[in-house]
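Reading through the structure tokens given below for one structure.
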Protein chains: 2
Amino acid sequence: MASIANNLKRPEPKALATALEALTARFGNRLVTSQAVREQHGHTTTWLANQPPDGVVFAQETADIQDVVRICAANKVPVIAFGTGTSLEGQVNAPAGGICIDMRDMNQILEVHSEDLDCVIQPGVTRKALNENLRDQGLFFPIDPGADASLGGMASTRASGTNAVRYGTMRDNVLALKVVRADGEIIKTGTRAKKSSAGYDLTHLFVGAEGTLGIISELTIKLRGIPENMAAASCSFATVAGACQATILAIQTGIPVARIELLNEAQVRACNAYSKLTLPETPLLLLEFHGSEAEVAEQSRNFHEIALECGGGDFSWTTKPEDRTKLWQARHDAYWSVKSMRPGSDVAATDVCVPISKLAECVAATEEDLARLGLLAPIVGHVGDGNFHCSMVCDRNDANEVARAEDFMHRLAQRAQAMGGTCTGEHGIGQGKQKYMQAELGSEALDAMRALKKALDPDNIFNPGKILPQA
Amino acid sequence: MASIANNLKRPEPKALATALEALTARFGNRLVTSQAVREQHGHTTTWLANQPPDGVVFAQETADIQDVVRICAANKVPVIAFGTGTSLEGQVNAPAGGICIDMRDMNQILEVHSEDLDCVIQPGVTRKALNENLRDQGLFFPIDPGADASLGGMASTRASGTNAVRYGTMRDNVLALKVVRADGEIIKTGTRAKKSSAGYDLTHLFVGAEGTLGIISELTIKLRGIPENMAAASCSFATVAGACQATILAIQTGIPVARIELLNEAQVRACNAYSKLTLPETPLLLLEFHGSEAEVAEQSRNFHEIALECGGGDFSWTTKPEDRTKLWQARHDAYWSVKSMRPGSDVAATDVCVPISKLAECVAATEEDLARLGLLAPIVGHVGDGNFHCSMVCDRNDANEVARAEDFMHRLAQRAQAMGGTCTGEHGIGQGKQKYMQAELGSEALDAMRALKKALDPDNIFNPGKILPQA
């Protein structure tokens with residue numbers, strides 16, 4: 001199990017005891033310090049070692065967050081926000097201990113403005129609960145990272161997912177935030193106006209900050225009307241290059257695809273085995289189109305033409321919900337199909353994002369590297385954005401395999417960066433990817449980030465040990 | 001002529017002299033200190049008093065910007081970036097003097113990546129020059145603020161305009177920046193990857209910062225394929241409320257309008273007079289649709305149905321370029337038609353943005369206020385975003401009229417804020433709107449902005465006296 005170099009100072013034992021005492025007085029049994037609950041709140045879906053916090057407070061309202069922050073700040077004890085624990089790079093680990101604020105009970109949808117296509121929510125609202133609630137009003141929130149994550153967490157890691165090619169990422173869909181700052185007061189970062197030029201963009205400074213600059217206590221997010229029609233399509237390609245070329249042409253000619261996902265050969269093979277499908281074991285593109293009946297038909301037709309030009313084979317298309325589900329089955333089962341490849345092993349997901357023109361080259365080189373290192377890591381890509389994931393099958397207890405997997409991850413991040421891309425398109429930096437920040441953005445950008453961190457959190461109480469590599 | 005309270009300290013005369021000497025040695029006749037050139041570089045299209053810088057350097061390459069910043073920083077002399085001088089809230093005024101960097105010669109398009117739909121440019125490239133250059137490749141940059149502004153300036157004020165309803169604002173279309181920081185070194189804020197979760201969003205901190213945190217020396221921006229077809233439509237409405245309701249329904253049902261502009265009755269009347277048109281003198285919506293032939297036809301048809309439901313009258317629609325131009329004539333001439341209403345007077349534009357559900361109410365109340373105060377200020381709105389402009393006809397030398405106009409502007413900003421909106425959707429804060437920041441975002445947000453400013457520009461050399469009201 002990989003552990004992260006940790007030179008962070010834990011709080012003074014006396015200060016921690018004082019904080020825990022004050023928290024007990026304030027929150028009673030909503031402060032939990034049992035080993036199991038603490039470990040659960042340090043949980044990360046990687047092979048990073050678990051670093052549990054010293055206690056977990058289950059917040060019910062904004063005032064709870066404010067009081068936790070005030071008590072912790074007074075004692076210089078770290079504060080870590082926790083949504084659903086689905087982050088992938090150690091974002092909720094507590095390398096310096098401290099208090100975790102669990103947001104699961106802050107799950108109220110406070111206002112829905114259907115005419116304005118926005119709503120105001122608490123940070124613990126999950127994506128599925130939100131869409132469930134909005135459905136009757138013909139509205140939906142388009143960001144779909146796969147997991148049923150909380151919106152506060154999705155904002156904090158700047159999440160995106162399959163729909164981003166059409167609807168953008170969390171960056172594009174958060175209008176305003178309320179954020180509890182280091183003295184417990186609340187920063188309001190914007191209004192419900194759809195656009196604004198009023199000063200520094202605080203909203204987008206907190207989006208993606210992984211809770212290191214303050215704790216999000218409320219979000220105003222953009223909504224969309226549920227599309228009149230959805231169509232799904234699938235198309236096999238002889239090569240990853242063909243599939244990528246079709247993607248590039250689709251984006252370039254402005255086909256407003258709602259989703260366009262690549263499954264590489266290894267992933268298709270895993271899906272065939274797991275879901276008893278009979279897909280050709282070659283790279284596969286899965287698409288979704290949103291719009292009027294005529295629009296989705298035209299979009300599909302246009303894409304089919306492009307696919308033929310790029311060597312696409314079997315093309316299927318449907319607008320029937322049950323057939324759509326069947327067509328996308330392989331994608332829905334991707335994670336579980338990888339899980340089942342070697343039962344008992346872990347599956348650790350990593351992601352990079354490159355300019356789309358480099359995608360085919362990057363995926364091909366990555367496949368070669370996997371073969372060379374003898375590793376199992378099927379690839380699924382949000383290819384319209386140049387973003388792809390490797391789902392690494394790895395036994396945490398096999399030091400040799402972990403070492404090879406880490407070597408692979410290093411090379412993957414470096415490969416993406418060398419192609420003008422980023423070491424993470426949507427998972428964030430957390431603990432796992434700090435080592436790539438310098439190469440990606442340079443020391444001047446890191447200086448600026450450190451200066452911002454110091455300006456807003458001078459005592460480093462908010463999620464210490466994340467994003468910024470130690471200087 | 002309104003002047004802004006100015007407690008800013010000018011540089012020490014000796015320090016300024018030292019800086020000017022060093023700049024002369026470095027730049028020769030590319031440093032200009034003539035009165036005319038200095039005044040031209042403090043130019044703002046408002047009635048704010050001109051505050052010229054002490055000198056203007058015409059930069060040709062990034063190293064020039066770096067050296068100006070280094071020389072100025074060493075002497076604590078302000079540095080102000082200048083694009084084309086089309087900002088509207090005093091952004092290029094020099095209330096504490098200092099050196100203006102004119103970017104007009106930094107107008108190179110450095111890289112065009114047509115497959116990735118992005119390009120890398122210098123900050124002095126103007127919108128029209130860029131689109132001219134891209135046309136042959138079937139690409140365009142969609143942000144259109146009206147003026148032929150520079151891209152560096154557009155990024156700095158977070159500009160948008162008529163196309164924003166479909167393509168977003170500068171915030172949504174800047175991928176990465178290079179920014180010269182206070183010691184002359186360069187911060188790289190991102191990569192060419194279409195999305196990233198790698199640390200704090202520095203890119204969007206500098207977008208909209210009006211040159212107060214650093215000087216943009218290079219931009220990587222998103223491009224689009226030129227749409228296959230463009231259609232224009234126009235529709236008259238009996239009331240602003242009807243026009244706004246049609247807009248809301250169009251957005252809500254997901255019609256991807258590329259532009260949707262409201263001209264109020266006063267604006268239509270001005271256009272009829274100026275351009276010899278015979279439009280019904282009632283509120284008018286002008287629309288543009290982008291897409292395939294079938295798509296634009298369907299979008300227009302769908303909008304027409306909505307318009308009929310909302311009391312829309314005359315509806316015209318065309319895809320022929322010359323007819324499109326004719327249909328949009330009133331919009332293209334809007335500024336000049338207002339200019340001609342009272343020759344010799346100035347026209348000062350202001351903007352606010354409200355949640356779209358409040359737009360009709362906000363425009364109606366604004367029209368009443370204009371009538372009550374006896375002011376001429378036709379209204380044009382980017383109504384798909386809830387954003388509208390009043391073009392105030394005002395004689396700078398008529399103190400009474402200036403006072404009434406200022407009273408009106410105050411009430412307009414307050415009205416928008418009271419409706420959950422912002423005092424500026426796209427013009428920025430500059431000098432003119434600092435007084436509204438506190439009411440809009442509160443003191444905690446201002447504290448945060450001041451802390452960020454201090455973190456990145458501790459000596460306050462970058463465009464002092466802008467955005468942040470003096471504490």
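All residue names refer to the structure tokens as shown: chains lettered A, B, ... in order, residues numbered from 1 in each chain, ligands numbered from 1 in order.
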
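Look at B:Val393: the protein and nucleic acid residues within 10 Å of it, using only C-alpha atoms and passing over chain neighbours fewer than 4 places away, are Val338, Lys339, Ser340, Met341, Arg342, Pro343, Gly344, Ser345, Asp346, Val347, Ala348, Ala349, Leu375, Leu376, Ala377, Pro378, Glu401, Val402 and Ala405 of chain B.
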
_Env of B:Lys128: 9 Å cut, atoms = only C-alpha atoms, seq-sep filter 3 positions within chain, self excluded. Answer as a ChimeraX atom specification._
/B:125,131-133,148-150

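Residues in contact with A:Gly124 at 9 Å, where only C-alpha atoms are counted and same-chain residues fewer than 2 positions away are skipped, are listed as Phe82, Gly83, Thr84, Asp102, Met103, Arg104, Asp105, Met106, Asn107, Gln108, Ile121, Gln122, Thr126, Ala149, Ser150, Leu151, Gly152, Gly153 and Ser217 of chain A.
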
_Between atom CA of B:Val380 and atom CA of B:Arg259 - distance in Å to one decimal_ =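 So the two atoms, atom CA of B:Arg259 and atom CA of B:Val380, lie 12.6 Å apart.
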
*Write out as a PyMOL selection string every residue belonging to chain B that has an atom at most 6 Å from any atom of chain A, counting only C-alpha atoms.*
chain B and resi 115-116+158+187-188+191-201+205+209+225+252+353-357+385+420-421+424-426+428-429+441+444-445+451+455+467
